[in-house]
Amino acid sequence: MGKILLKSLSRAIFFLLKSIQKDLEMKKLERLQKIIARAGICSRREAEKLILAGRVTVEGKIIRELGAKADLDQEICIDGKPIEICAEKIYLLLNKPRGYVSTVKDERGRKTVLELLGEKFSDKRVYPVGRLDLNSEGLLILTNDGDLTNSLIHPRFEVKKTYRAKISGVLTEEKLDKLRAGIELEDGLTAPAEIYLLGENLVEITIHEGRNRQVRRMFSAVGCEVKRLKRIKLANLTLEGLKVGKFRELTAEEVAEIKNFGGD
């Protein structure tokens with residue numbers, strides 16, 4: 001009787017340990033796009049594109065499924081080059097001037113926003129959160145935190161962005177109401193916007209979508225042209241005290257607040 005009880009107990013302990021081991025292994029696994037984003041390569045959405053394009057391998061095996069998981073001990077490569085997980089998180093707020101593109105590299109040889117960061121961050125792998133086009137200016141976040149990037153640009157979080165725009169053309173109250181309600185663009189109806197007329201042909205507009213050149217296209221849809229566009233606010237952040245072309249590091253409190261805006 002004692003031997004049978006001991007054998008049953010041993011089997012129970014064995015399966016319990018196997019279950020614990022499996023749980024620990026599962027906890028180490030993360031979605032591949034999340035790991036790539038954490039490494040500071042790009043945002044999660046861009047990482048998904050890399051995976052679908054067959055440019056990502058795990059232990060030498062090409063991965064094309066977005067649900068695929070890996071752990072940090074495995075060799076993960078993009079275009080054959082192993083990625084490294086960034087230990088130090090960097091969060092910068094830049095007052096972008098016109099004439100710079102919001103990318104890490106530019107095939108046409110134009111100046112990029114990374115050229116404004118100086119020696120301290122010149123060798124850091126940071127990238128812009130969203131984009132301001134070549135002729136737009138204002139508030140731009142640069143970071144190597146892929147999770148934060150995702151929480152700021154993913155449509156479901158509806159993080160607000162405020163712009164000040166100088167407009168040419170007749171800007172009537174009827175046109176403003178159309179923009180406030182949402183206007184049809186080639187890629188669909190825009191979400192309602194907050195718009196205030198500050199002066200003759202000067203408006204302030206707040207949106208939470210991040211479509212390409214959205215503000216410019218919205219005004220174009222009502223027969224107006226944006227002559228100058230500046231982002232002045234993103235979530236809780238403003239450009240207060242920051243000169244054009246200069247940047248600063250975000251405080252721990254600001255980072256925490258941004259994460260709350262993004263639903264983290």
# chains A, B, ... in the order shown; residues from 1 in each chain; ligands from 1
>>> residues_around(residues="Glu46 of chain A", least_positions_apart="2", cutoff="10 Å", atoms="only C-alpha atoms", output="list in words")
Gln33, Ile36, Ala37, Ile41, Cys42, Ser43, Arg44, Glu48, Lys49, Leu50, Ile51 and Asn150 of chain A
>>> write_last_selection(atoms="all heavy atoms", output="compact mmCIF listing (two decimals), in the first residue's frame")
# COMPACT_ATOMS: atom_id res chain seq x y z
N GLN A 33 7.09 40.36 -33.42
CA GLN A 33 7.08 41.79 -33.74
C GLN A 33 7.32 42.66 -32.51
O GLN A 33 7.89 43.75 -32.60
CB GLN A 33 5.77 42.20 -34.43
CG GLN A 33 4.50 41.90 -33.66
CD GLN A 33 3.88 40.59 -34.10
OE1 GLN A 33 4.57 39.61 -34.25
NE2 GLN A 33 2.56 40.59 -34.28
N ILE A 36 11.13 42.62 -31.88
CA ILE A 36 11.82 43.47 -32.85
C ILE A 36 11.64 44.94 -32.49
O ILE A 36 12.58 45.74 -32.55
CB ILE A 36 11.29 43.19 -34.27
CG1 ILE A 36 11.68 41.78 -34.70
CG2 ILE A 36 11.83 44.22 -35.27
CD1 ILE A 36 11.03 41.32 -36.00
N ALA A 37 10.42 45.30 -32.09
CA ALA A 37 10.16 46.69 -31.70
C ALA A 37 10.97 47.07 -30.47
O ALA A 37 11.52 48.17 -30.38
CB ALA A 37 8.67 46.87 -31.43
N ILE A 41 14.41 48.51 -33.61
CA ILE A 41 14.55 48.44 -35.07
C ILE A 41 13.49 49.29 -35.75
O ILE A 41 13.77 50.05 -36.67
CB ILE A 41 14.43 46.98 -35.55
CG1 ILE A 41 15.44 46.08 -34.82
CG2 ILE A 41 14.61 46.90 -37.07
CD1 ILE A 41 16.87 46.43 -35.08
N CYS A 42 12.25 49.16 -35.28
CA CYS A 42 11.12 49.85 -35.88
C CYS A 42 9.91 49.66 -34.98
O CYS A 42 10.02 49.00 -33.94
CB CYS A 42 10.83 49.30 -37.29
SG CYS A 42 10.53 47.52 -37.30
N SER A 43 8.77 50.19 -35.38
CA SER A 43 7.55 50.00 -34.61
C SER A 43 7.03 48.58 -34.83
O SER A 43 7.48 47.87 -35.73
CB SER A 43 6.49 51.01 -35.03
OG SER A 43 6.05 50.72 -36.35
N ARG A 44 6.06 48.17 -34.03
CA ARG A 44 5.48 46.84 -34.19
C ARG A 44 4.83 46.68 -35.57
O ARG A 44 4.93 45.62 -36.19
CB ARG A 44 4.42 46.58 -33.11
CG ARG A 44 5.00 46.26 -31.75
CD ARG A 44 3.92 45.67 -30.87
NE ARG A 44 4.10 46.02 -29.48
CZ ARG A 44 3.26 45.68 -28.52
NH1 ARG A 44 2.18 45.02 -28.79
NH2 ARG A 44 3.50 46.03 -27.26
N GLU A 48 5.80 43.92 -38.37
CA GLU A 48 4.89 42.97 -39.01
C GLU A 48 5.12 42.91 -40.52
O GLU A 48 5.06 41.83 -41.12
CB GLU A 48 3.44 43.37 -38.70
CG GLU A 48 3.06 43.15 -37.24
CD GLU A 48 1.67 43.69 -36.93
OE1 GLU A 48 1.05 44.31 -37.83
OE2 GLU A 48 1.20 43.47 -35.79
N LYS A 49 5.41 44.04 -41.11
CA LYS A 49 5.69 44.08 -42.55
C LYS A 49 6.97 43.30 -42.87
O LYS A 49 7.05 42.60 -43.89
CB LYS A 49 5.81 45.52 -43.03
CG LYS A 49 4.52 46.32 -42.93
CD LYS A 49 4.74 47.76 -43.39
CE LYS A 49 3.48 48.60 -43.22
NZ LYS A 49 3.70 50.02 -43.63
N LEU A 50 7.98 43.44 -42.00
CA LEU A 50 9.23 42.71 -42.20
C LEU A 50 9.00 41.20 -42.13
O LEU A 50 9.56 40.43 -42.92
CB LEU A 50 10.25 43.12 -41.13
CG LEU A 50 10.77 44.56 -41.17
CD1 LEU A 50 11.70 44.81 -39.98
CD2 LEU A 50 11.51 44.84 -42.47
N ILE A 51 8.16 40.79 -41.19
CA ILE A 51 7.86 39.37 -41.03
C ILE A 51 7.13 38.84 -42.26
O ILE A 51 7.50 37.80 -42.82
CB ILE A 51 7.02 39.13 -39.76
CG1 ILE A 51 7.85 39.46 -38.51
CG2 ILE A 51 6.53 37.68 -39.68
CD1 ILE A 51 7.05 39.51 -37.22
N ASN A 150 4.11 52.00 -30.43
CA ASN A 150 2.86 51.34 -30.82
C ASN A 150 1.67 51.96 -30.12
O ASN A 150 0.61 52.18 -30.72
CB ASN A 150 2.94 49.85 -30.51
CG ASN A 150 1.72 49.10 -30.98
OD1 ASN A 150 1.46 48.96 -32.17
ND2 ASN A 150 0.93 48.60 -30.02
>>> residues_around(residues="Leu152 of chain A", least_positions_apart="5", cutoff="12 Å", atoms="only C-alpha atoms", output="ChimeraX atom specification")
/A:43-45,128-131,140-143,145-147,157-161,208-210,234-236,255,257-264
>>> write_last_selection(atoms="N, CA and C atoms", output="CSV table (one decimal), in the first residue's frame")
chain,number,residue,atom,x,y,z
A,43,SER,N,8.8,50.2,-35.4
A,43,SER,CA,7.6,50.0,-34.6
A,43,SER,C,7.0,48.6,-34.8
A,44,ARG,N,6.1,48.2,-34.0
A,44,ARG,CA,5.5,46.8,-34.2
A,44,ARG,C,4.8,46.7,-35.6
A,45,ARG,N,4.2,47.7,-36.0
A,45,ARG,CA,3.5,47.6,-37.3
A,45,ARG,C,4.5,47.4,-38.4
A,128,PRO,N,11.7,58.0,-35.3
A,128,PRO,CA,10.6,58.9,-35.1
A,128,PRO,C,9.3,58.1,-34.8
A,129,VAL,N,8.5,58.7,-33.9
A,129,VAL,CA,7.2,58.2,-33.7
A,129,VAL,C,6.2,58.9,-34.6
A,130,GLY,N,5.7,58.2,-35.6
A,130,GLY,CA,4.9,58.9,-36.6
A,130,GLY,C,5.8,59.8,-37.5
A,131,ARG,N,5.2,60.6,-38.3
A,131,ARG,CA,6.0,61.4,-39.2
A,131,ARG,C,5.4,62.8,-39.3
A,140,LEU,N,8.0,66.3,-32.4
A,140,LEU,CA,8.3,65.0,-32.9
A,140,LEU,C,9.0,64.2,-31.8
A,141,ILE,N,8.4,63.0,-31.5
A,141,ILE,CA,9.1,62.1,-30.5
A,141,ILE,C,10.0,61.2,-31.2
A,142,LEU,N,11.2,60.9,-30.6
A,142,LEU,CA,12.1,59.9,-31.1
A,142,LEU,C,12.4,59.0,-30.0
A,143,THR,N,12.4,57.7,-30.2
A,143,THR,CA,12.6,56.7,-29.1
A,143,THR,C,13.1,55.4,-29.7
A,145,ASP,N,11.8,52.7,-27.9
A,145,ASP,CA,10.8,52.0,-27.2
A,145,ASP,C,9.7,51.6,-28.1
A,146,GLY,N,9.7,50.4,-28.7
A,146,GLY,CA,8.7,50.0,-29.6
A,146,GLY,C,7.3,49.9,-29.0
A,147,ASP,N,7.2,49.5,-27.8
A,147,ASP,CA,5.9,49.4,-27.1
A,147,ASP,C,5.3,50.8,-27.0
A,157,PHE,N,-6.0,53.6,-29.9
A,157,PHE,CA,-5.7,54.4,-28.7
A,157,PHE,C,-6.1,55.9,-28.8
A,158,GLU,N,-6.3,56.3,-30.1
A,158,GLU,CA,-6.9,57.6,-30.3
A,158,GLU,C,-6.1,58.8,-29.6
A,159,VAL,N,-4.8,58.7,-29.7
A,159,VAL,CA,-4.0,59.8,-29.0
A,159,VAL,C,-4.1,61.1,-29.9
A,160,LYS,N,-4.4,62.2,-29.2
A,160,LYS,CA,-4.7,63.4,-29.9
A,160,LYS,C,-3.4,64.1,-30.3
A,161,LYS,N,-3.5,64.8,-31.5
A,161,LYS,CA,-2.3,65.5,-32.0
A,161,LYS,C,-2.9,66.9,-32.5
A,208,HIS,N,-7.0,62.6,-34.0
A,208,HIS,CA,-6.4,61.5,-33.4
A,208,HIS,C,-6.0,60.4,-34.3
A,209,GLU,N,-6.2,60.6,-35.6
A,209,GLU,CA,-5.8,59.7,-36.6
A,209,GLU,C,-4.4,60.0,-37.1
A,210,GLY,N,-3.7,59.1,-37.8
A,210,GLY,CA,-2.4,59.4,-38.2
A,210,GLY,C,-2.1,59.1,-39.7
A,234,LEU,N,1.2,66.8,-28.7
A,234,LEU,CA,1.0,65.4,-28.8
A,234,LEU,C,0.7,64.8,-27.5
A,235,ALA,N,-0.5,64.3,-27.3
A,235,ALA,CA,-1.0,63.8,-26.0
A,235,ALA,C,-0.8,64.9,-25.0
A,236,ASN,N,0.0,64.8,-24.0
A,236,ASN,CA,0.2,65.8,-22.9
A,236,ASN,C,1.4,66.7,-23.2
A,255,VAL,N,7.0,60.4,-19.5
A,255,VAL,CA,6.9,59.1,-20.2
A,255,VAL,C,5.8,58.3,-19.6
A,257,GLU,N,3.1,59.4,-18.2
A,257,GLU,CA,1.8,60.0,-18.7
A,257,GLU,C,1.5,59.6,-20.1
A,258,ILE,N,2.5,59.6,-21.0
A,258,ILE,CA,2.3,59.2,-22.4
A,258,ILE,C,1.8,57.7,-22.4
A,259,LYS,N,2.4,56.9,-21.6
A,259,LYS,CA,2.0,55.5,-21.6
A,259,LYS,C,0.6,55.3,-21.2
A,260,ASN,N,0.1,56.2,-20.3
A,260,ASN,CA,-1.3,56.2,-19.8
A,260,ASN,C,-2.2,56.6,-21.0
A,261,PHE,N,-1.7,57.6,-21.7
A,261,PHE,CA,-2.5,58.1,-22.9
A,261,PHE,C,-2.7,56.9,-23.9
A,262,GLY,N,-1.6,56.2,-24.0
A,262,GLY,CA,-1.6,55.1,-25.0
A,262,GLY,C,-2.2,53.8,-24.5
A,263,GLY,N,-2.7,53.8,-23.3
A,263,GLY,CA,-3.4,52.6,-22.8
A,263,GLY,C,-2.5,51.6,-22.2
A,264,ASP,N,-1.2,51.9,-21.9
A,264,ASP,CA,-0.3,50.9,-21.3
A,264,ASP,C,-0.7,50.7,-19.8
>>> residues_around(residues="Leu72 of chain A", least_positions_apart="6", cutoff="9 Å", atoms="only C-alpha atoms", output="ChimeraX atom specification")
/A:28-30,35,85
>>> write_last_selection(atoms="N, CA, C and O atoms", output="PDB file, in the first residue's frame")
ATOM      1  N   LYS A  28       8.452  33.046 -21.179  1.00  0.00           N
ATOM      2  CA  LYS A  28       9.601  33.620 -21.870  1.00  0.00           C
ATOM      3  C   LYS A  28       9.286  33.970 -23.318  1.00  0.00           C
ATOM      4  O   LYS A  28       9.963  34.782 -23.921  1.00  0.00           O
ATOM      5  N   LEU A  29       8.231  33.350 -23.884  1.00  0.00           N
ATOM      6  CA  LEU A  29       7.907  33.571 -25.284  1.00  0.00           C
ATOM      7  C   LEU A  29       7.147  34.874 -25.470  1.00  0.00           C
ATOM      8  O   LEU A  29       6.258  35.202 -24.698  1.00  0.00           O
ATOM      9  N   GLU A  30       7.533  35.614 -26.514  1.00  0.00           N
ATOM     10  CA  GLU A  30       6.848  36.852 -26.853  1.00  0.00           C
ATOM     11  C   GLU A  30       6.633  36.893 -28.354  1.00  0.00           C
ATOM     12  O   GLU A  30       7.360  36.258 -29.122  1.00  0.00           O
ATOM     13  N   ILE A  35       9.280  41.772 -29.949  1.00  0.00           N
ATOM     14  CA  ILE A  35      10.716  41.685 -29.671  1.00  0.00           C
ATOM     15  C   ILE A  35      11.499  42.612 -30.598  1.00  0.00           C
ATOM     16  O   ILE A  35      12.415  43.325 -30.173  1.00  0.00           O
ATOM     17  N   ILE A  85      18.698  43.468 -28.178  1.00  0.00           N
ATOM     18  CA  ILE A  85      17.692  44.129 -27.358  1.00  0.00           C
ATOM     19  C   ILE A  85      18.324  45.320 -26.654  1.00  0.00           C
ATOM     20  O   ILE A  85      19.367  45.196 -26.017  1.00  0.00           O
TER      21      ILE A  85
END
>>> closest_residue(among="A:Arg55, A:Arg31, A:Lys61, A:Lys89", to="Ala252 of chain A", atoms="only C-alpha atoms")
A:Lys89
>>> residues_around(residues="Asn95 of chain A", least_positions_apart="2", cutoff="7 Å", atoms="only C-alpha atoms", output="VMD selection string")
chain A and resid 93 97 138 to 140 239 242 to 247
>>> closest_atom_pairs(of="segment 82-170 of chain A", to="segment 212-229 of chain A", cutoff="9 Å", atoms="only C-alpha atoms", output="Markdown table")
| residue | atom | partner | partner_atom | distance |
| --- | --- | --- | --- | --- |
| A:Arg131 | CA | A:Asn212 | CA | 8.2 |
| A:Leu132 | CA | A:Arg213 | CA | 8.1 |
| A:Asp133 | CA | A:Arg213 | CA | 7.3 |
| A:Asn135 | CA | A:Arg228 | CA | 7.6 |
| A:Ser136 | CA | A:Leu229 | CA | 5.2 |
| A:Glu137 | CA | A:Leu229 | CA | 6.4 |
| A:Gly138 | CA | A:Leu229 | CA | 8.2 |
| A:Tyr163 | CA | A:Leu229 | CA | 6.8 |
| A:Arg164 | CA | A:Leu229 | CA | 6.0 |
| A:Ala165 | CA | A:Leu229 | CA | 4.6 |
| A:Lys166 | CA | A:Arg228 | CA | 5.1 |
| A:Ile167 | CA | A:Val226 | CA | 4.7 |
| A:Ser168 | CA | A:Glu225 | CA | 5.2 |
| A:Gly169 | CA | A:Cys224 | CA | 4.8 |
| A:Val170 | CA | A:Cys224 | CA | 6.9 |
>>> atom_distance(atom1="atom CA of Asp79 of chain A", atom2="atom CA of Leu52 of chain A")
12.8 Å
>>> select_by_dssp(residues="segment 133-170 of chain A", states="helix (DSSP H, G or I)", output="PyMOL selection string")
chain A and resi 146-153+155-157
>>> residues_around(residues="Ile63 of chain A", least_positions_apart="3", cutoff="7 Å", atoms="only C-alpha atoms", output="list in words")
Ile51, Gly54, Val56, Thr57 and Val58 of chain A
>>> atom_distance(atom1="atom CA of Val104 of chain A", atom2="atom CA of Ala39 of chain A")
15.1 Å
>>> residues_around(residues="Asn144 of chain A", least_positions_apart="5", cutoff="7 Å", atoms="only C-alpha atoms", output="PyMOL selection string")
chain A and resi 40+89-90+125-127
>>> atom_distance(atom1="atom CA of Arg211 of chain A", atom2="atom CA of Thr190 of chain A")
9.2 Å
>>> closest_residue(among="A:Lys34, A:Leu94, A:Tyr196, A:Thr238", to="Gly118 of chain A", atoms="only C-alpha atoms")
A:Leu94
>>> select_by_dssp(residues="segment 141-236 of chain A", states="strand (DSSP E)", output="PyMOL selection string")
chain A and resi 141-143+161-168+184-185+188-189+194-199+202-207+225-234
